[in-house]
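Novice: Data: model_36.pdb, PDB, C-alpha atoms.
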ATOM      1  CA  MET A   1      59.502 -27.445  22.130
ATOM      2  CA  HIS A   2      56.343 -29.237  21.230
ATOM      3  CA  SER A   3      54.600 -28.333  24.524
ATOM      4  CA  SER A   4      55.475 -24.608  24.188
ATOM      5  CA  THR A   5      54.092 -24.556  20.638
ATOM      6  CA  LEU A   6      50.947 -26.275  21.879
ATOM      7  CA  ARG A   7      50.567 -23.691  24.686
ATOM      8  CA  SER A   8      51.088 -20.829  22.219
ATOM      9  CA  GLY A   9      48.443 -22.295  19.932
ATOM     10  CA  ARG A  10      45.987 -22.590  22.812
ATOM     11  CA  ARG A  11      46.695 -19.001  23.858
ATOM     12  CA  LEU A  12      46.056 -17.762  20.329
ATOM     13  CA  THR A  13      42.840 -19.750  20.122
ATOM     14  CA  THR A  14      41.701 -18.420  23.515
ATOM     15  CA  LEU A  15      42.627 -14.866  22.495
ATOM     16  CA  ALA A  16      40.755 -15.199  19.188
ATOM     17  CA  LEU A  17      37.634 -16.567  20.905
ATOM     18  CA  THR A  18      37.782 -13.799  23.510
ATOM     19  CA  LEU A  19      37.967 -11.146  20.795
ATOM     20  CA  ILE A  20      35.007 -12.688  18.976
ATOM     21  CA  VAL A  21      32.905 -12.758  22.163
ATOM     22  CA  VAL A  22      33.856  -9.187  23.103
ATOM     23  CA  GLY A  23      33.136  -8.007  19.568
ATOM     24  CA  ALA A  24      29.718  -9.661  19.583
ATOM     25  CA  CYS A  25      28.816  -8.180  22.957
ATOM     26  CA  GLY A  26      29.829  -4.706  21.857
ATOM     27  CA  LYS A  27      27.889  -4.879  18.589
ATOM     28  CA  LYS A  28      25.587  -1.916  18.203
ATOM     29  CA  THR A  29      22.075  -2.688  17.028
ATOM     30  CA  SER A  30      19.484  -0.295  15.757
ATOM     31  CA  ASN A  31      16.136  -0.250  17.425
ATOM     32  CA  THR A  32      13.868  -1.327  14.590
ATOM     33  CA  ASP A  33      11.165  -2.908  16.701
ATOM     34  CA  THR A  34       7.934  -2.003  14.945
ATOM     35  CA  THR A  35       5.604  -3.673  17.392
ATOM     36  CA  ALA A  36       3.769  -2.493  20.457
ATOM     37  CA  GLN A  37       1.860  -4.316  23.145
ATOM     38  CA  THR A  38      -1.840  -3.534  23.304
ATOM     39  CA  SER A  39      -3.726  -3.117  26.578
ATOM     40  CA  GLY A  40      -5.000  -6.679  26.151
ATOM     41  CA  GLY A  41      -1.428  -7.955  25.893
ATOM     42  CA  ALA A  42      -1.458  -8.689  22.161
ATOM     43  CA  ILE A  43       1.472  -7.679  19.996
ATOM     44  CA  ALA A  44       0.455  -5.304  17.192
ATOM     45  CA  PRO A  45       2.315  -3.185  14.637
ATOM     46  CA  ALA A  46       3.321   0.153  16.142
ATOM     47  CA  SER A  47       3.268   1.854  12.770
ATOM     48  CA  ASN A  48       0.180   3.927  12.115
ATOM     49  CA  SER A  49       0.064   3.881   8.370
ATOM     50  CA  VAL A  50      -2.183   2.776   5.567
ATOM     51  CA  GLN A  51      -0.865   1.501   2.247
ATOM     52  CA  VAL A  52      -2.777   0.924  -0.983
ATOM     53  CA  ALA A  53      -2.411  -2.736  -1.896
ATOM     54  CA  ASP A  54      -4.529  -2.833  -5.039
ATOM     55  CA  VAL A  55      -6.916  -0.790  -7.175
ATOM     56  CA  ASN A  56      -9.545  -2.355  -9.431
ATOM     57  CA  VAL A  57     -12.140  -0.783 -11.702
ATOM     58  CA  GLY A  58     -15.231  -2.341 -13.235
ATOM     59  CA  ARG A  59     -18.939  -2.134 -13.996
ATOM     60  CA  GLY A  60     -20.271  -3.193 -10.603
ATOM     61  CA  ILE A  61     -19.484  -3.477  -6.918
ATOM     62  CA  SER A  62     -20.315  -6.304  -4.511
ATOM     63  CA  ALA A  63     -21.629  -5.976  -0.958
ATOM     64  CA  ASP A  64     -18.084  -6.406   0.391
ATOM     65  CA  LYS A  65     -16.897  -3.509  -1.812
ATOM     66  CA  HIS A  66     -14.971  -5.671  -4.290
ATOM     67  CA  VAL A  67     -15.326  -4.868  -7.984
ATOM     68  CA  ALA A  68     -17.759  -7.099  -9.835
ATOM     69  CA  ASN A  69     -17.263  -7.412 -13.599
ATOM     70  CA  GLN A  70     -13.714  -6.017 -13.580
ATOM     71  CA  SER A  71     -12.692  -4.172 -16.761
ATOM     72  CA  ASP A  72     -10.456  -1.407 -18.024
ATOM     73  CA  THR A  73     -12.670  -0.609 -21.028
ATOM     74  CA  PHE A  74     -16.088   1.025 -20.652
ATOM     75  CA  THR A  75     -18.910   2.443 -22.754
ATOM     76  CA  ALA A  76     -20.058   6.064 -22.612
ATOM     77  CA  HIS A  77     -23.056   5.312 -20.373
ATOM     78  CA  ASP A  78     -21.386   2.932 -17.893
ATOM     79  CA  THR A  79     -21.123   3.739 -14.221
ATOM     80  CA  ILE A  80     -17.456   3.145 -13.417
ATOM     81  CA  TYR A  81     -16.702   1.641 -10.014
ATOM     82  CA  ALA A  82     -13.397   1.476  -8.175
ATOM     83  CA  SER A  83     -12.457  -0.709  -5.244
ATOM     84  CA  ILE A  84      -9.388   0.411  -3.332
ATOM     85  CA  HIS A  85      -7.824  -2.288  -1.180
ATOM     86  CA  THR A  86      -5.807  -0.871   1.714
ATOM     87  CA  THR A  87      -3.700  -2.530   4.386
ATOM     88  CA  GLY A  88      -2.460  -1.209   7.694
ATOM     89  CA  THR A  89      -3.899   0.504  10.701
ATOM     90  CA  ALA A  90      -4.541   4.202  11.211
ATOM     91  CA  ALA A  91      -7.315   6.417  12.463
ATOM     92  CA  ASN A  92      -8.822   9.168  10.298
ATOM     93  CA  THR A  93      -6.935   8.408   7.092
ATOM     94  CA  LYS A  94      -8.023  10.525   4.124
ATOM     95  CA  LEU A  95      -8.459   8.321   1.037
ATOM     96  CA  THR A  96      -9.141  10.282  -2.143
ATOM     97  CA  ALA A  97     -10.183   9.101  -5.602
ATOM     98  CA  ARG A  98      -9.402  11.699  -8.275
ATOM     99  CA  TRP A  99     -10.693  10.786 -11.734
ATOM    100  CA  THR A 100      -9.089  12.634 -14.666
ATOM    101  CA  PHE A 101      -9.613  12.746 -18.420
ATOM    102  CA  GLN A 102      -6.689  12.339 -20.845
ATOM    103  CA  ASP A 103      -6.117  16.126 -21.002
ATOM    104  CA  GLY A 104      -5.653  16.275 -17.194
ATOM    105  CA  GLN A 105      -9.094  17.754 -16.517
ATOM    106  CA  VAL A 106     -10.499  16.522 -13.196
ATOM    107  CA  VAL A 107     -13.765  14.692 -13.875
ATOM    108  CA  ASP A 108     -14.584  13.982 -10.229
ATOM    109  CA  GLU A 109     -12.879  13.890  -6.842
ATOM    110  CA  ARG A 110     -14.178  12.334  -3.635
ATOM    111  CA  THR A 111     -12.543  11.802  -0.248
ATOM    112  CA  GLU A 112     -13.503   9.220   2.349
ATOM    113  CA  THR A 113     -12.156   9.214   5.893
ATOM    114  CA  ILE A 114     -11.266   5.649   6.848
ATOM    115  CA  SER A 115      -9.925   4.101  10.053
ATOM    116  CA  PRO A 116      -8.902   0.605   8.973
ATOM    117  CA  ASN A 117      -7.461  -2.077  11.184
ATOM    118  CA  GLY A 118      -5.859  -4.391   8.616
ATOM    119  CA  ASP A 119      -7.264  -5.138   5.172
ATOM    120  CA  ALA A 120     -10.080  -2.835   4.071
ATOM    121  CA  TYR A 121     -11.920  -2.031   0.836
ATOM    122  CA  THR A 122     -13.313   1.379  -0.062
ATOM    123  CA  GLU A 123     -15.655   1.982  -2.999
ATOM    124  CA  PHE A 124     -15.804   5.020  -5.274
ATOM    125  CA  HIS A 125     -17.757   5.462  -8.497
ATOM    126  CA  ILE A 126     -18.514   7.948 -11.230
ATOM    127  CA  ALA A 127     -21.500   8.202 -13.576
ATOM    128  CA  LYS A 128     -22.509  10.610 -16.302
ATOM    129  CA  PRO A 129     -26.077  10.145 -17.613
ATOM    130  CA  SER A 130     -25.315  12.192 -20.755
ATOM    131  CA  GLY A 131     -22.340   9.894 -21.458
ATOM    132  CA  TRP A 132     -18.564   9.982 -20.981
ATOM    133  CA  PRO A 133     -16.465  11.405 -23.810
ATOM    134  CA  ALA A 134     -14.433   8.683 -25.504
ATOM    135  CA  GLY A 135     -10.795   8.608 -24.476
ATOM    136  CA  LYS A 136      -8.322   7.639 -21.803
ATOM    137  CA  TYR A 137      -8.990   8.255 -18.117
ATOM    138  CA  THR A 138      -6.905   7.836 -14.979
ATOM    139  CA  LEU A 139      -7.969   7.173 -11.424
ATOM    140  CA  HIS A 140      -5.460   8.746  -9.002
ATOM    141  CA  VAL A 141      -5.502   7.235  -5.504
ATOM    142  CA  ILE A 142      -4.320   9.634  -2.808
ATOM    143  CA  VAL A 143      -3.672   8.781   0.848
ATOM    144  CA  ASN A 144      -3.383  11.742   3.220
ATOM    145  CA  GLY A 145      -2.424  14.053   0.358
ATOM    146  CA  GLN A 146       0.154  11.699  -1.236
ATOM    147  CA  GLU A 147      -0.618  10.025  -4.552
ATOM    148  CA  THR A 148       0.099   6.325  -4.071
ATOM    149  CA  GLN A 149      -1.292   4.582  -7.161
ATOM    150  CA  THR A 150      -2.976   5.230 -10.467
ATOM    151  CA  LYS A 151      -5.253   3.083 -12.595
ATOM    152  CA  ASP A 152      -5.772   3.790 -16.302
ATOM    153  CA  PHE A 153      -8.935   2.881 -18.205
ATOM    154  CA  THR A 154     -10.585   3.714 -21.508
ATOM    155  CA  VAL A 155     -14.059   4.817 -22.539
ATOM    156  CA  GLY A 156     -14.916   3.762 -26.086
ATOM    157  CA  ARG A 157     -17.402   5.263 -28.515
TER     158      ARG A 157
END
For the file at hand, write its structure as structure tokens.

Specialist:
Amino acid sequence: MHSSTLRSGRRLTTLALTLIVVGACGKKTSNTDTTAQTSGGAIAPASNSVQVADVNVGRGISADKHVANQSDTFTAHDTIYASIHTTGTAANTKLTARWTFQDGQVVDERTETISPNGDAYTEFHIAKPSGWPAGKYTLHVIVNGQETQTKDFTVGR
């Protein structure tokens, strides 16, 4: 009786292992490969998209288009600079900076066409020699017609 029980146990174990192997082989996977091989053989992201990683405003801009003297409070006669840090790869991406006053009035809007390949910085700025009205302002960052981020700042008296 002991040998028949042992054989039955082995059969069950073999059957269980077979079912596990068959189940694993038949598992359906989704094709989520987001890479492509370049002509040089390198592996690169297949996605052609640009994302906004960060937005900074301040009183100056450096040669590499990073904000110098970062601030979210300005005086009426300041030139206000924005540095928009993007990531991703895409040709002819429309990057728009729309500056609005607290009542929703558009103060300025500029669009740059960028074709980044990885991290990139784009500079925008606004100036008003007669002086900005005191209040709250918002910089709306728009990528290909879609608002992706906003940055609030204040102009004091």

Novice: Go ahead and find all residues with at least one atom no further than 10 Å from (-16.8, -0.1, -28.4) in the file's coordinates, using only C-alpha atoms; report them as a PyMOL selection string.

Specialist: chain A and resi 73-76+134+155-157

Novice: Looking at A:Ser130, A:Thr150, A:Thr96, A:Thr113, which one is nearest to Val57 of chain A, with distances taken over all atoms listed in the file?

Specialist: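 Smallest distance to Val57 of chain A is found for A:Thr150.
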
Novice: Could you expand the PyMOL selection byres ((chain A and resi 97) around 8) into the explicit residues it covers here, written as a ChimeraX atom specification?

Specialist: /A:95-96,98-99,109-111,124,139-142

Novice: Applied to the shown file, which residues does the PyMOL selection byres ((chain A and resi 56) around 12) return, written as an NGL selection string?

Specialist: :A and (52-55 or 57-61 or 65-72 or 80-86 or 121-125 or 138-141 or 149-153)

Novice: Between atom CA of Thr148 of chain A and atom CA of Ala63 of chain A, what is the distance in Å, rounded to a tenth?

Specialist: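 Going from atom CA of Thr148 of chain A over to atom CA of Ala63 of chain A, I get 25.2 Å.
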
Novice: Quick check, in Å to one decimal: how far apart do atom CA of Asn92 of chain A and atom CA of Ile114 of chain A lie?

Specialist: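 Atom CA of Ile114 of chain A lies at a distance of 5.5 Å from atom CA of Asn92 of chain A.
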
Novice: Hey, which of A:Gln51, A:Gly135, A:Lys128, A:Thr154 ends up closest to Thr93 of chain A? Count only C-alpha atoms.

Specialist: A:Gln51

Novice: For a test of reading the model, state the distance in Å between atom CA of Ser115 of chain A and atom CA of Asn144 of chain A, rounded to one decimal.

Specialist: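 Between atom CA of Ser115 of chain A and atom CA of Asn144 of chain A the gap is 12.2 Å.
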
Novice: Ranking A:Glu112, A:Thr89, A:Asp119, A:Gln102 by minimum distance to Val50 of chain A and counting all atoms listed in the file, which one comes first?

Specialist: A:Thr89

Novice: Could you work out an axis-aligned bounding box for all listed atoms of segment 55-61 of chain A, with 6 Å added on each of the six sides, and give its centre and edge lengths in Å to one decimal, as lines of an AutoDock Vina configuration file?

Specialist:
center_x = -13.6
center_y = -2.1
center_z = -10.5
size_x = 25.4
size_y = 14.7
size_z = 19.1

Novice: From the list A:His77, A:Ser62, A:Ala91, A:Gly145, which residue is nearest Gly118 of chain A when using all atoms listed in the file?

Specialist: A:Ala91

Novice: Could you tell me which of A:Gly104, A:Ala120, A:Asp64, A:Pro129 comes closest to Ala90 of chain A if we count all atoms listed in the file?

Specialist: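 Smallest separation from Ala90 of chain A among the options: A:Ala120.
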